[in-house]
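Raw contents of start_35.txt, compact mmCIF, C-alpha atoms:
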# COMPACT_ATOMS: atom_id res chain seq x y z
CA MET A 1 101.05 202.45 105.81
CA SER A 2 99.95 202.72 102.18
CA GLU A 3 96.54 203.98 101.13
CA ASP A 4 95.48 200.45 100.16
CA GLU A 5 96.23 198.85 103.51
CA VAL A 6 94.32 198.29 106.71
CA PRO A 7 96.41 197.17 109.73
CA ALA A 8 96.19 193.52 110.73
CA TYR A 9 93.94 192.86 113.69
CA SER A 10 95.51 192.34 117.09
CA ARG A 11 95.39 189.23 119.24
CA ASP A 12 92.61 190.49 121.49
CA ARG A 13 90.00 190.67 118.72
CA MET A 14 86.99 188.54 119.52
CA SER A 15 86.82 187.24 115.95
CA HIS A 16 90.14 185.51 116.54
CA GLN A 17 88.86 183.89 119.73
CA HIS A 18 85.72 182.71 117.96
CA ILE A 19 87.58 180.97 115.12
CA ILE A 20 89.99 179.31 117.56
CA SER A 21 86.99 178.06 119.55
CA ALA A 22 85.21 176.80 116.44
CA ARG A 23 88.27 174.82 115.37
CA TYR A 24 88.70 173.33 118.84
CA PHE A 25 85.07 172.24 119.02
CA ALA A 26 85.23 170.72 115.53
CA ARG A 27 88.38 168.75 116.39
CA THR A 28 86.81 167.47 119.58
CA VAL A 29 83.69 166.25 117.77
CA GLN A 30 85.88 164.43 115.25
CA GLU A 31 87.89 162.79 118.02
CA ILE A 32 84.71 161.45 119.58
CA GLU A 33 83.51 160.03 116.26
CA ASP A 34 86.93 158.47 115.64
CA GLY A 35 86.70 156.54 118.91
CA ASP A 36 84.97 153.24 119.66
CA LEU A 37 81.35 154.08 118.93
CA ASN A 38 80.17 150.82 120.47
CA ALA A 39 81.59 151.89 123.82
CA ILE A 40 80.35 155.47 123.80
CA THR A 41 78.45 156.53 126.90
CA PRO A 42 75.27 158.63 127.08
CA GLU A 43 77.33 161.44 128.60
CA GLU A 44 79.76 161.33 125.67
CA LYS A 45 76.83 161.52 123.25
CA LEU A 46 75.62 164.65 124.99
CA SER A 47 79.12 166.13 124.86
CA HIS A 48 79.34 165.29 121.17
CA ARG A 49 76.13 167.19 120.44
CA ALA A 50 77.25 170.10 122.60
CA PHE A 51 80.60 170.45 120.84
CA ALA A 52 79.01 170.25 117.38
CA THR A 53 76.51 172.94 118.34
CA ALA A 54 79.28 175.09 119.80
CA ALA A 55 81.29 174.81 116.58
CA VAL A 56 78.36 176.20 114.60
CA PHE A 57 77.77 179.04 117.05
CA SER A 58 81.46 179.96 117.22
CA ALA A 59 81.88 179.90 113.44
CA ALA A 60 78.83 182.12 112.97
CA SER A 61 80.08 184.42 115.73
CA PHE A 62 83.39 184.76 113.90
CA LEU A 63 81.56 185.97 110.79
CA GLU A 64 79.69 188.63 112.74
CA ALA A 65 82.55 189.76 114.96
CA SER A 66 84.92 190.03 112.02
CA ILE A 67 82.79 192.43 109.98
CA ASN A 68 81.88 194.47 113.06
CA GLU A 69 85.56 194.81 113.93
CA LEU A 70 86.36 195.95 110.40
CA TYR A 71 83.84 198.79 110.54
CA LEU A 72 84.98 199.85 114.02
CA GLU A 73 88.67 199.64 113.11
CA LEU A 74 88.10 201.83 110.08
CA GLN A 75 86.17 204.24 112.27
CA LYS A 76 89.18 204.59 114.59
CA LEU A 77 91.56 205.01 111.67
CA SER A 78 89.39 207.65 110.03
CA GLN A 79 89.65 209.71 113.22
CA SER A 80 93.44 209.42 113.32
CA SER A 81 95.52 212.21 111.83
CA GLN A 82 98.24 209.72 110.88
CA ALA A 83 96.07 207.19 109.06
CA GLN A 84 95.90 207.07 105.29
CA LEU A 85 92.89 205.19 103.98
CA ARG A 86 91.73 205.01 100.43
CA ARG A 87 88.60 207.06 99.95
CA GLU A 88 86.26 204.06 99.63
CA LEU A 89 87.36 202.55 102.95
CA ALA A 90 87.15 205.91 104.69
CA MET A 91 83.47 206.08 103.73
CA LEU A 92 82.53 202.86 105.51
CA PRO A 93 82.39 204.28 109.07
CA ARG A 94 79.81 206.81 107.90
CA VAL A 95 77.25 204.10 107.12
CA TRP A 96 77.91 202.08 110.28
CA PRO A 97 75.18 203.72 112.44
CA GLN A 98 72.58 202.83 109.79
CA ILE A 99 73.56 199.16 109.48
CA VAL A 100 74.77 198.20 112.95
CA THR A 101 71.63 196.10 113.51
CA SER A 102 71.45 194.73 109.95
CA PRO A 103 71.83 191.00 109.17
CA VAL A 104 75.48 190.00 109.18
CA LEU A 105 75.80 189.16 105.49
CA HIS A 106 74.14 192.44 104.53
CA LYS A 107 77.01 194.19 106.33
CA TYR A 108 79.49 192.35 104.12
CA GLN A 109 77.59 193.16 100.94
CA LEU A 110 77.29 196.83 101.89
CA ALA A 111 81.00 197.04 102.68
CA LEU A 112 81.79 195.72 99.22
CA SER A 113 79.36 198.15 97.64
CA VAL A 114 80.76 201.19 99.43
CA ALA A 115 84.38 200.12 98.90
CA ASP A 116 83.75 199.52 95.19
CA GLY A 117 84.42 195.79 95.58
CA ASP A 118 82.86 192.93 93.67
CA GLN A 119 79.63 192.09 95.50
CA TYR A 120 78.57 188.49 96.05
CA ASN A 121 76.19 186.50 93.92
CA GLU A 122 73.91 185.43 96.76
CA SER A 123 72.85 182.24 94.98
CA LYS A 124 76.40 180.87 94.77
CA ALA A 125 79.27 179.92 97.08
CA PRO A 126 80.85 181.26 99.17
CA PHE A 127 77.92 183.55 100.00
CA LEU A 128 75.33 180.76 99.82
CA ASP A 129 77.27 178.57 102.25
CA ALA A 130 77.71 181.45 104.69
CA ASP A 131 74.00 182.17 104.42
CA SER A 132 73.23 178.50 105.10
CA LEU A 133 75.44 178.62 108.18
CA THR A 134 73.57 181.61 109.58
CA HIS A 135 70.27 179.83 108.97
CA LEU A 136 71.61 176.74 110.76
CA ARG A 137 72.65 178.92 113.70
CA ASP A 138 69.19 180.50 113.75
CA ALA A 139 67.52 177.08 113.58
CA LEU A 140 69.48 175.94 116.63
CA LEU A 141 68.07 178.93 118.48
CA SER A 142 64.48 178.71 117.25
CA TYR A 143 64.24 175.00 116.33
CA ARG A 144 62.83 176.00 112.94
CA PRO A 145 64.94 174.47 110.15
CA ASP A 146 62.90 176.12 107.38
CA TRP A 147 62.19 179.66 106.21
CA GLU A 148 60.84 181.79 103.39
CA ASP A 149 63.42 183.56 101.24
CA ARG A 150 63.06 187.12 99.99
CA ARG A 151 61.03 185.90 97.02
CA GLY A 152 58.68 183.95 99.26
CA LYS A 153 60.11 180.56 98.29
CA HIS A 154 60.16 177.86 100.95
CA ARG A 155 63.66 176.72 101.97
CA THR A 156 64.86 173.94 104.27
CA LEU A 157 68.21 173.29 105.89
CA GLU A 158 68.12 169.62 104.98
CA LYS A 159 67.77 170.34 101.27
CA ARG A 160 70.57 172.91 101.39
CA LEU A 161 73.02 171.07 103.59
CA GLN A 162 72.61 167.31 103.51
CA ALA A 163 75.00 167.01 100.55
CA LYS A 164 77.55 169.36 102.10
CA PHE A 165 78.82 167.06 104.84
CA ALA A 166 78.51 163.56 106.25
CA PRO A 167 75.86 162.97 108.92
CA SER A 168 76.70 162.34 112.55
CA ALA A 169 78.24 158.92 113.09
CA LEU A 170 76.48 158.58 116.44
CA VAL A 171 72.87 158.41 115.27
CA SER A 172 70.75 156.07 113.18
CA ASP A 173 69.96 156.76 109.53
CA GLN A 174 66.32 156.71 110.60
CA ALA A 175 66.74 159.66 112.96
CA PRO A 176 65.50 163.10 111.85
CA TRP A 177 68.08 164.99 109.82
CA PHE A 178 67.73 168.09 112.01
CA PRO A 179 69.15 168.23 114.54
CA ASP A 180 70.13 164.58 115.08
CA ARG A 181 71.98 163.60 111.91
CA CYS A 182 73.01 167.16 111.13
CA LEU A 183 75.05 167.84 114.25
CA GLY A 184 78.24 165.84 113.93
CA ALA A 185 81.88 166.14 112.93
CA GLY A 186 81.00 166.75 109.29
CA CYS A 187 78.80 169.70 110.16
CA ALA A 188 81.31 171.16 112.61
CA LYS A 189 84.19 171.00 110.13
CA TRP A 190 82.00 172.39 107.35
CA ALA A 191 81.06 175.37 109.54
CA VAL A 192 84.72 176.20 110.18
CA LYS A 193 85.72 175.78 106.54
CA THR A 194 82.77 177.88 105.39
CA VAL A 195 83.71 180.94 107.43
CA GLU A 196 87.42 180.62 106.69
CA LEU A 197 86.80 180.55 102.94
CA PHE A 198 84.25 183.36 103.12
CA SER A 199 86.53 185.56 105.21
CA ASP A 200 89.50 185.12 102.89
CA ASP A 201 87.37 185.72 99.83
CA PHE A 202 85.86 188.88 101.33
CA SER A 203 89.30 190.26 102.18
CA HIS A 204 90.42 189.62 98.61
CA ARG A 205 87.39 191.45 97.22
CA MET A 206 88.02 194.36 99.60
CA ALA A 207 91.76 194.42 98.78
CA ILE A 208 92.66 194.34 102.48
CA PRO A 209 94.74 191.89 104.56
CA SER A 210 93.03 188.63 105.47
CA ARG A 211 91.40 188.25 108.88
CA PRO A 212 93.49 186.58 111.63
CA LEU A 213 92.57 182.91 111.27
CA SER A 214 95.56 181.53 113.17
CA GLY A 215 98.31 182.74 115.45
CA GLY A 216 96.76 186.16 115.98
CA ALA A 217 98.15 187.66 112.79
CA ALA A 218 96.60 188.22 109.43
CA ALA A 219 97.62 185.94 106.63
CA GLY A 220 98.89 187.01 103.25

How would this structure read if it were set down as structure tokens?
Amino acid sequence: MSEDEVPAYSRDRMSHQHIISARYFARTVQEIEDGDLNAITPEEKLSHRAFATAAVFSAASFLEASINELYLELQKLSQSSQAQLRRELAMLPRVWPQIVTSPVLHKYQLALSVADGDQYNESKAPFLDADSLTHLRDALLSYRPDWEDRRGKHRTLEKRLQAKFAPSALVSDQAPWFPDRCLGAGCAKWAVKTVELFSDDFSHRMAIPSRPLSGGAAAG
């Protein structure tokens, strides 16, 4: 193993299970919307909402599990007499106890800072989309689709996301955007794409192999 490499994650990593689940849920939502909407039953409508919600939760869980696994994997490697890590990566496990309860995207930014990688501009993609996803996940837990940013500015999910994906095909245009029109195939697919792009971009900035997004092995 060279100094600039981190071993690819194994099949039993939870991040891999989360991204597989997110993709499955997104496909299922799309299949429902591709069917005969005039014949859809109330039970199918409930399933549609459940799968869309699950896609968001699973995608957000992938983001969190992936960065946690990176820190813990580096911790194991730093304790191995056979491992060769570049100095910047070897420093990451030292900060883990201080940030284990930090917001997920802060963990990514700190990893880039410690590893001398290019940190994200938080007002631009892909960071902004990942941040929007975490706020959507939080809103589904708290039913509060708005928040104050660090500068005290009022933000809403609808303003951030309504142009990112098509609304649910199962609800009226007159329905509230959150959660009714928000939770559909467009949202589910956007959630998956958002974390896939963010994960690949982060790995590139860190100069490490990409996270396992399919088949249990890292890409690239």

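The closest residue to A:Asp138, picked from A:Val114, A:Leu157, A:Ala22, A:Leu37 and counting all atoms listed in the file, is A:Leu157.
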
Practice item. Kindly indicate which residue among A:Met91, A:Ile99, A:Leu112, A:Ile19 lies nearest to A:Ser66, using all atoms listed in the file for the distances. Key: A:Ile19

**Study point:** Among the residues A:Asp200, A:Glu73, A:Asp116, A:Glu33, the one that comes closest to A:Pro167 [using all atoms listed in the file]
**Key:**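 Looking only at the distances to A:Pro167, the closest residue turns out to be A:Glu33.
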
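Excluding A:Arg205 itself and any same-chain residue fewer than 2 positions from it, the protein and nucleic acid residues within 7 Å of it, counting all atoms listed in the file, are A:Gly117, A:Asp118, A:Asp201, A:Phe202, A:Ser203, A:Ala207.
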
Check your understanding: For A:Gln30, which of A:Lys189, A:His204, A:Lys107, A:Lys124 is the closest residue, counting all atoms listed in the file?
Key ->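 Smallest separation from A:Gln30 among the options: A:Lys189.
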